[in-house]
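Below is my_file30.tsv, holding TSV, C-alpha atoms.
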```
chain	number	residue	atom	x	y	z
E	1	MET	CA	-8.29	-8.54	1.94
E	2	GLN	CA	-6.59	-9.49	-1.31
E	3	ASP	CA	-3.42	-11.45	-0.71
E	4	PHE	CA	-0.04	-10.34	-2.05
E	5	GLN	CA	2.52	-12.75	-3.49
E	6	SER	CA	4.42	-10.84	-6.19
E	7	VAL	CA	3.79	-8.22	-8.87
E	8	THR	CA	5.61	-7.35	-12.08
E	9	GLY	CA	5.29	-4.24	-14.22
E	10	CYS	CA	6.82	-1.11	-15.67
E	11	ALA	CA	7.31	0.82	-12.43
E	12	ILE	CA	5.89	4.36	-12.43
E	13	PRO	CA	8.75	6.79	-11.66
E	14	LEU	CA	6.90	9.41	-9.61
E	15	MET	CA	10.14	10.49	-7.99
E	16	GLU	CA	8.84	13.25	-5.72
E	17	ALA	CA	9.28	13.73	-1.98
E	18	ASN	CA	6.48	14.47	0.51
E	19	VAL	CA	3.56	13.36	-1.67
E	20	ASP	CA	0.81	13.70	0.93
E	21	THR	CA	-2.52	11.93	1.28
E	22	ASP	CA	-4.43	15.02	0.13
E	23	VAL	CA	-2.58	14.87	-3.19
E	24	ILE	CA	-3.33	11.15	-3.46
E	25	ILE	CA	-7.06	11.56	-2.72
E	26	PRO	CA	-8.77	14.94	-2.07
E	27	ILE	CA	-10.85	15.02	1.11
E	28	GLN	CA	-14.06	15.93	-0.75
E	29	ARG	CA	-13.98	12.53	-2.44
E	30	LEU	CA	-14.25	10.79	0.92
E	31	VAL	CA	-17.89	11.56	1.65
E	32	GLY	CA	-18.78	7.95	2.51
E	33	THR	CA	-17.18	4.96	4.14
E	34	GLY	CA	-16.90	2.80	1.03
E	35	ARG	CA	-13.63	2.13	-0.70
E	36	GLU	CA	-15.05	1.36	-4.13
E	37	GLY	CA	-14.83	3.90	-6.94
E	38	LEU	CA	-11.96	5.96	-5.51
E	39	GLY	CA	-9.42	4.88	-8.12
E	40	VAL	CA	-10.66	7.34	-10.71
E	41	HIS	CA	-10.03	10.16	-8.19
E	42	ALA	CA	-6.47	9.17	-7.29
E	43	PHE	CA	-4.12	12.15	-7.92
E	44	GLU	CA	-7.04	13.86	-9.67
E	45	ARG	CA	-5.72	17.43	-9.25
E	46	ARG	CA	-2.67	16.47	-11.27
E	47	ARG	CA	-4.04	13.59	-13.28
E	48	TYR	CA	-6.63	15.56	-15.29
E	49	VAL	CA	-6.52	18.90	-17.12
E	50	SER	CA	-10.31	19.07	-16.91
E	51	GLU	CA	-13.06	16.67	-15.90
E	52	GLY	CA	-12.44	13.36	-17.59
E	53	VAL	CA	-9.51	14.67	-19.69
E	54	ASP	CA	-6.10	13.21	-18.84
E	55	ASN	CA	-3.07	15.39	-18.25
E	56	PRO	CA	-0.52	13.91	-20.70
E	57	ASP	CA	2.38	15.28	-18.62
E	58	PHE	CA	1.42	13.31	-15.52
E	59	ILE	CA	3.64	10.24	-15.62
E	60	PRO	CA	1.05	7.64	-14.48
E	61	ASN	CA	-1.07	8.67	-17.48
E	62	GLN	CA	1.65	7.83	-19.99
E	63	ALA	CA	1.35	4.61	-21.94
E	64	PRO	CA	4.24	2.57	-20.54
E	65	TYR	CA	3.14	3.24	-16.97
E	66	ARG	CA	-0.66	3.31	-17.10
E	67	ASN	CA	-2.18	0.65	-14.83
E	68	SER	CA	1.22	-0.47	-13.53
E	69	PRO	CA	1.06	-2.24	-10.15
E	70	ILE	CA	4.32	-0.62	-8.93
E	71	LEU	CA	4.89	3.05	-8.02
E	72	LEU	CA	8.31	4.57	-7.30
E	73	ALA	CA	8.51	7.65	-5.06
E	74	ALA	CA	11.01	9.67	-3.06
E	75	GLU	CA	11.06	10.33	0.70
E	76	ASN	CA	8.02	10.53	2.98
E	77	PHE	CA	5.39	9.18	0.59
E	78	GLY	CA	1.86	9.24	2.04
E	79	CYS	CA	2.56	11.87	4.69
E	80	GLY	CA	-0.16	14.20	5.94
E	81	SER	CA	-3.59	13.21	7.21
E	82	SER	CA	-4.52	9.70	8.30
E	83	ARG	CA	-7.10	9.09	5.56
E	84	GLU	CA	-7.22	5.40	4.70
E	85	GLY	CA	-8.85	6.42	1.44
E	86	ALA	CA	-5.38	7.25	0.09
E	87	VAL	CA	-4.54	3.55	0.07
E	88	TRP	CA	-7.93	2.64	-1.39
E	89	ALA	CA	-7.49	5.20	-4.18
E	90	LEU	CA	-4.04	3.90	-5.12
E	91	MET	CA	-5.32	0.34	-5.22
E	92	GLY	CA	-8.29	1.51	-7.26
E	93	MET	CA	-5.93	2.76	-9.96
E	94	GLY	CA	-4.13	-0.59	-9.97
E	95	VAL	CA	-1.16	0.08	-7.67
E	96	ARG	CA	-0.27	-2.90	-5.40
E	97	CYS	CA	3.22	-1.83	-4.30
E	98	VAL	CA	4.95	1.50	-3.56
E	99	ILE	CA	8.74	1.55	-3.37
E	100	ALA	CA	10.15	4.57	-1.53
E	101	PRO	CA	12.88	5.44	1.00
E	102	SER	CA	10.32	6.33	3.68
E	103	PHE	CA	6.57	6.67	4.26
E	104	GLY	CA	4.12	8.57	6.42
E	105	ASP	CA	3.63	6.43	9.53
E	106	ILE	CA	-0.14	6.02	9.35
E	107	PHE	CA	-0.14	5.53	5.58
E	108	PHE	CA	2.50	2.81	6.05
E	109	SER	CA	0.29	1.01	8.57
E	110	ASN	CA	-2.84	1.41	6.43
E	111	CYS	CA	-1.04	-0.23	3.50
E	112	PHE	CA	-0.63	-3.50	5.40
E	113	GLN	CA	-4.30	-3.45	6.46
E	114	ASN	CA	-5.47	-3.26	2.85
E	115	GLY	CA	-3.04	-5.37	0.79
E	116	LEU	CA	-0.84	-2.59	-0.61
E	117	LEU	CA	2.83	-3.46	-0.02
E	118	PRO	CA	5.12	-0.54	1.00
E	119	VAL	CA	8.77	-1.40	0.29
E	120	GLN	CA	11.50	0.74	1.82
E	121	LEU	CA	14.76	0.98	-0.13
E	122	PRO	CA	17.54	3.60	-0.06
E	123	ILE	CA	16.85	6.61	-2.29
E	124	GLU	CA	19.83	5.81	-4.53
E	125	VAL	CA	18.38	2.35	-5.22
E	126	VAL	CA	14.91	3.74	-5.99
E	127	ARG	CA	16.48	6.31	-8.34
E	128	ARG	CA	18.46	3.56	-10.07
E	129	ILE	CA	15.28	1.57	-10.73
E	130	ALA	CA	13.64	4.75	-12.06
E	131	GLU	CA	16.60	5.44	-14.34
E	132	GLU	CA	16.68	1.89	-15.68
E	133	THR	CA	12.95	2.09	-16.34
E	134	ALA	CA	13.15	5.49	-18.06
E	135	ALA	CA	15.96	4.23	-20.30
E	136	SER	CA	13.65	1.67	-21.90
E	137	PRO	CA	10.14	2.05	-20.51
E	138	GLY	CA	8.57	-0.18	-23.16
E	139	ASN	CA	10.68	-3.14	-22.06
E	140	ALA	CA	11.67	-2.41	-18.47
E	141	ARG	CA	10.03	-4.66	-15.92
E	142	THR	CA	10.40	-4.60	-12.17
E	143	THR	CA	9.26	-7.48	-9.96
E	144	VAL	CA	8.47	-7.28	-6.26
E	145	ASP	CA	8.39	-10.73	-4.66
E	146	LEU	CA	7.12	-10.70	-1.07
E	147	GLU	CA	7.69	-14.42	-0.51
E	148	ARG	CA	11.41	-14.02	-1.26
E	149	GLN	CA	11.55	-10.41	0.00
E	150	VAL	CA	13.37	-9.24	-3.08
E	151	VAL	CA	12.98	-6.59	-5.77
E	152	ILE	CA	14.21	-7.57	-9.25
E	153	THR	CA	15.22	-4.44	-11.17
E	154	PRO	CA	14.86	-4.04	-14.96
E	155	SER	CA	18.55	-4.95	-15.34
E	156	GLY	CA	18.02	-8.16	-13.37
E	157	GLU	CA	19.65	-7.09	-10.12
E	158	ALA	CA	18.08	-8.73	-7.07
E	159	ILE	CA	17.72	-6.29	-4.18
E	160	PRO	CA	16.56	-7.68	-0.80
E	161	PHE	CA	14.18	-5.70	1.38
E	162	SER	CA	13.05	-6.03	4.99
E	163	VAL	CA	9.49	-6.30	6.25
E	164	ASP	CA	8.01	-7.15	9.62
E	165	GLN	CA	7.53	-10.94	9.52
E	166	ARG	CA	4.07	-10.84	11.10
E	167	LYS	CA	2.94	-8.31	8.49
E	168	ARG	CA	4.58	-10.33	5.73
E	169	GLU	CA	2.70	-13.50	6.68
E	170	ALA	CA	-0.56	-11.60	6.95
E	171	MET	CA	-0.16	-10.08	3.49
E	172	LEU	CA	0.85	-13.37	1.91
E	173	HIS	CA	-2.41	-14.87	3.19
E	174	GLY	CA	-4.62	-11.79	2.71
E	175	LEU	CA	-5.28	-11.22	6.42
E	176	ASP	CA	-5.84	-7.85	8.09
E	177	ASP	CA	-5.82	-7.38	11.90
E	178	ILE	CA	-9.49	-8.33	12.24
E	179	ALA	CA	-9.00	-11.53	10.25
E	180	LEU	CA	-5.93	-12.39	12.33
E	181	THR	CA	-7.93	-11.87	15.51
E	182	MET	CA	-10.80	-14.04	14.24
E	183	GLN	CA	-8.33	-16.88	13.72
E	184	GLN	CA	-8.23	-17.00	17.53
E	185	ALA	CA	-12.03	-17.00	17.91
E	186	ASP	CA	-12.11	-20.37	19.72
E	187	ALA	CA	-9.42	-19.29	22.19
E	188	ILE	CA	-11.23	-15.98	22.79
E	189	ALA	CA	-14.53	-17.78	23.41
E	190	ALA	CA	-12.84	-20.23	25.80
E	191	TRP	CA	-11.24	-17.40	27.75
E	192	LYS	CA	-14.55	-15.51	27.92
E	193	ALA	CA	-16.34	-18.60	29.28
E	194	ARG	CA	-13.61	-19.25	31.83
E	195	ASP	CA	-13.33	-15.65	32.99
E	196	SER	CA	-17.09	-15.13	33.24
E	197	ALA	CA	-17.30	-18.27	35.41
E	198	GLU	CA	-14.48	-17.10	37.69
E	199	ARG	CA	-15.38	-13.39	37.79
E	200	GLY	CA	-19.07	-13.26	37.12
E	201	TRP	CA	-19.36	-9.82	38.74
E	202	ALA	CA	-17.15	-8.35	36.00
E	203	TRP	CA	-19.54	-9.52	33.28
E	204	GLU	CA	-22.83	-8.46	34.86
E	205	SER	CA	-22.99	-5.16	32.93
E	206	VAL	CA	-22.01	-6.94	29.66
E	207	ALA	CA	-24.77	-9.57	29.73
```
Starting from the file, give its structure as structure tokens.
Amino acid sequence: MQDFQSVTGCAIPLMEANVDTDVIIPIQRLVGTGREGLGVHAFERRRYVSEGVDNPDFIPNQAPYRNSPILLAAENFGCGSSREGAVWALMGMGVRCVIAPSFGDIFFSNCFQNGLLPVQLPIEVVRRIAEETAASPGNARTTVDLERQVVITPSGEAIPFSVDQRKREAMLHGLDDIALTMQQADAIAAWKARDSAERGWAWESVA
């Protein structure tokens, strides 16, 4: 998993509530198990007016925001089905951080497993960042610094945010749950050897 330290960019003001995972990535694009190649399909029902032709009215297509690593949204971003492909699609289009007041529970968890940082801030703060960005999109830059747990707005205001410390450490070092578990491989092997010696009957069907 790619680690996350900080990102800076012209934040995309997609200030809509209840953007669900089907909007982020249509189910028919998830015909395999791979995560590669989904970025071009992110938001595709709104992103294109026809195959391969961008919708100029869709904010992420507009020049100041295209390929930005930061997306702003309103309440309940990533609600709906549990498809992990929604996170893969966002990352495929270059997004590394979503700032919103709240998230769909499973989407929120999937973000941490894939290196996409979800930052929760009050809606009035997210709107303020969006307004500052819209006032001067060619110059406005927002920074999200996970090490310091702070968002720097285009006007220079430093806004702290909270994140589970175990998840924070994992993201800073690019570790998902499997990688965290494998860090304890020696302890797991030692326990297995000890337990199989003490309770051999419990391991008979495993051998």
List every residue of region 103-204 of chain E that has an atom at most 6 Å from any atom of region 73-88 of chain E, giving for each one its closest atom pair and the distance in Å to one decimal, counting all atoms listed in the file, sorted by chain and then by ascending residue number, as a Markdown table.
```
| residue | atom | partner | partner_atom | distance |
| --- | --- | --- | --- | --- |
| E:Phe103 | CA | E:Asn76 | CA | 4.3 |
| E:Gly104 | CA | E:Cys79 | CA | 4.0 |
| E:Ile106 | CA | E:Ser82 | CA | 5.8 |
| E:Phe107 | CA | E:Gly78 | CA | 5.5 |
```
Separation of CA of Ile59 (chain E) from CA of Pro13 (chain E) in Å: 7.3 Å
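Checking E:Ile25, E:Leu121, E:Phe112, E:Ala89 one by one against Arg166 (chain E), counting all atoms listed in the file, you find the shortest gap at E:Phe112.
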In Å, how far is it from CA of Leu116 (chain E) to CA of Ile27 (chain E)? 20.3 Å
Residues within 8 Å of (-3.5, -0.3, -11.6), counting only C-alpha atoms, listed as a ChimeraX atom specification: /E:66-69,90-96
Those residues with C-alpha atoms, as a PDB file, in the frame of the given file please?
```pdb
ATOM      1  CA  ARG E  66      -0.660   3.310 -17.100  1.00  0.00           C
ATOM      2  CA  ASN E  67      -2.180   0.650 -14.830  1.00  0.00           C
ATOM      3  CA  SER E  68       1.220  -0.470 -13.530  1.00  0.00           C
ATOM      4  CA  PRO E  69       1.060  -2.240 -10.150  1.00  0.00           C
ATOM      5  CA  LEU E  90      -4.040   3.900  -5.120  1.00  0.00           C
ATOM      6  CA  MET E  91      -5.320   0.340  -5.220  1.00  0.00           C
ATOM      7  CA  GLY E  92      -8.290   1.510  -7.260  1.00  0.00           C
ATOM      8  CA  MET E  93      -5.930   2.760  -9.960  1.00  0.00           C
ATOM      9  CA  GLY E  94      -4.130  -0.590  -9.970  1.00  0.00           C
ATOM     10  CA  VAL E  95      -1.160   0.080  -7.670  1.00  0.00           C
ATOM     11  CA  ARG E  96      -0.270  -2.900  -5.400  1.00  0.00           C
TER      12      ARG E  96
END
```
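Distance annotation: of E:Ile129, E:Ala42, E:Val151, E:Leu117, the residue with the minimal separation from Asn61 (chain E) is E:Ala42; atom set is all atoms listed in the file.
Atom pair CA of Arg168 (chain E) / CA of Met1 (chain E) has a distance of 13.5 Å (rounded to one decimal).
Take the candidates E:Leu175, E:Val19, E:Leu14, E:Ala158 and check each one against Thr142 (chain E) using all atoms listed in the file; the shortest distance goes to E:Ala158.
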Measuring atom to atom with all atoms listed in the file, identify which of E:Met182, E:Ile159, E:Ala197, E:Ala134 is nearest to Gln62 (chain E). E:Ala134
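The closest residue to Arg47 (chain E), picked from E:Val23, E:Ala11, E:Ile70, E:Cys111 and counting all atoms listed in the file, is E:Val23.
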Show me that you can extract region 122-137 of chain E, keeping C-alpha atoms, and write it as a tab-separated table (two decimals), in the first residue's frame.
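For reference, out-v2.tsv as written:
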```tsv
chain	number	residue	atom	x	y	z
E	122	PRO	CA	-17.49	20.24	10.14
E	123	ILE	CA	-19.55	21.15	7.07
E	124	GLU	CA	-19.01	24.88	7.64
E	125	VAL	CA	-15.23	24.35	7.51
E	126	VAL	CA	-15.43	22.26	4.33
E	127	ARG	CA	-17.62	24.93	2.73
E	128	ARG	CA	-15.13	27.62	3.74
E	129	ILE	CA	-12.29	25.75	2.04
E	130	ALA	CA	-14.48	25.35	-1.05
E	131	GLU	CA	-15.31	29.06	-1.07
E	132	GLU	CA	-11.68	30.10	-0.66
E	133	THR	CA	-10.74	27.77	-3.50
E	134	ALA	CA	-13.51	28.99	-5.81
E	135	ALA	CA	-12.50	32.60	-5.18
E	136	SER	CA	-9.10	32.02	-6.79
E	137	PRO	CA	-8.89	28.47	-8.13
```
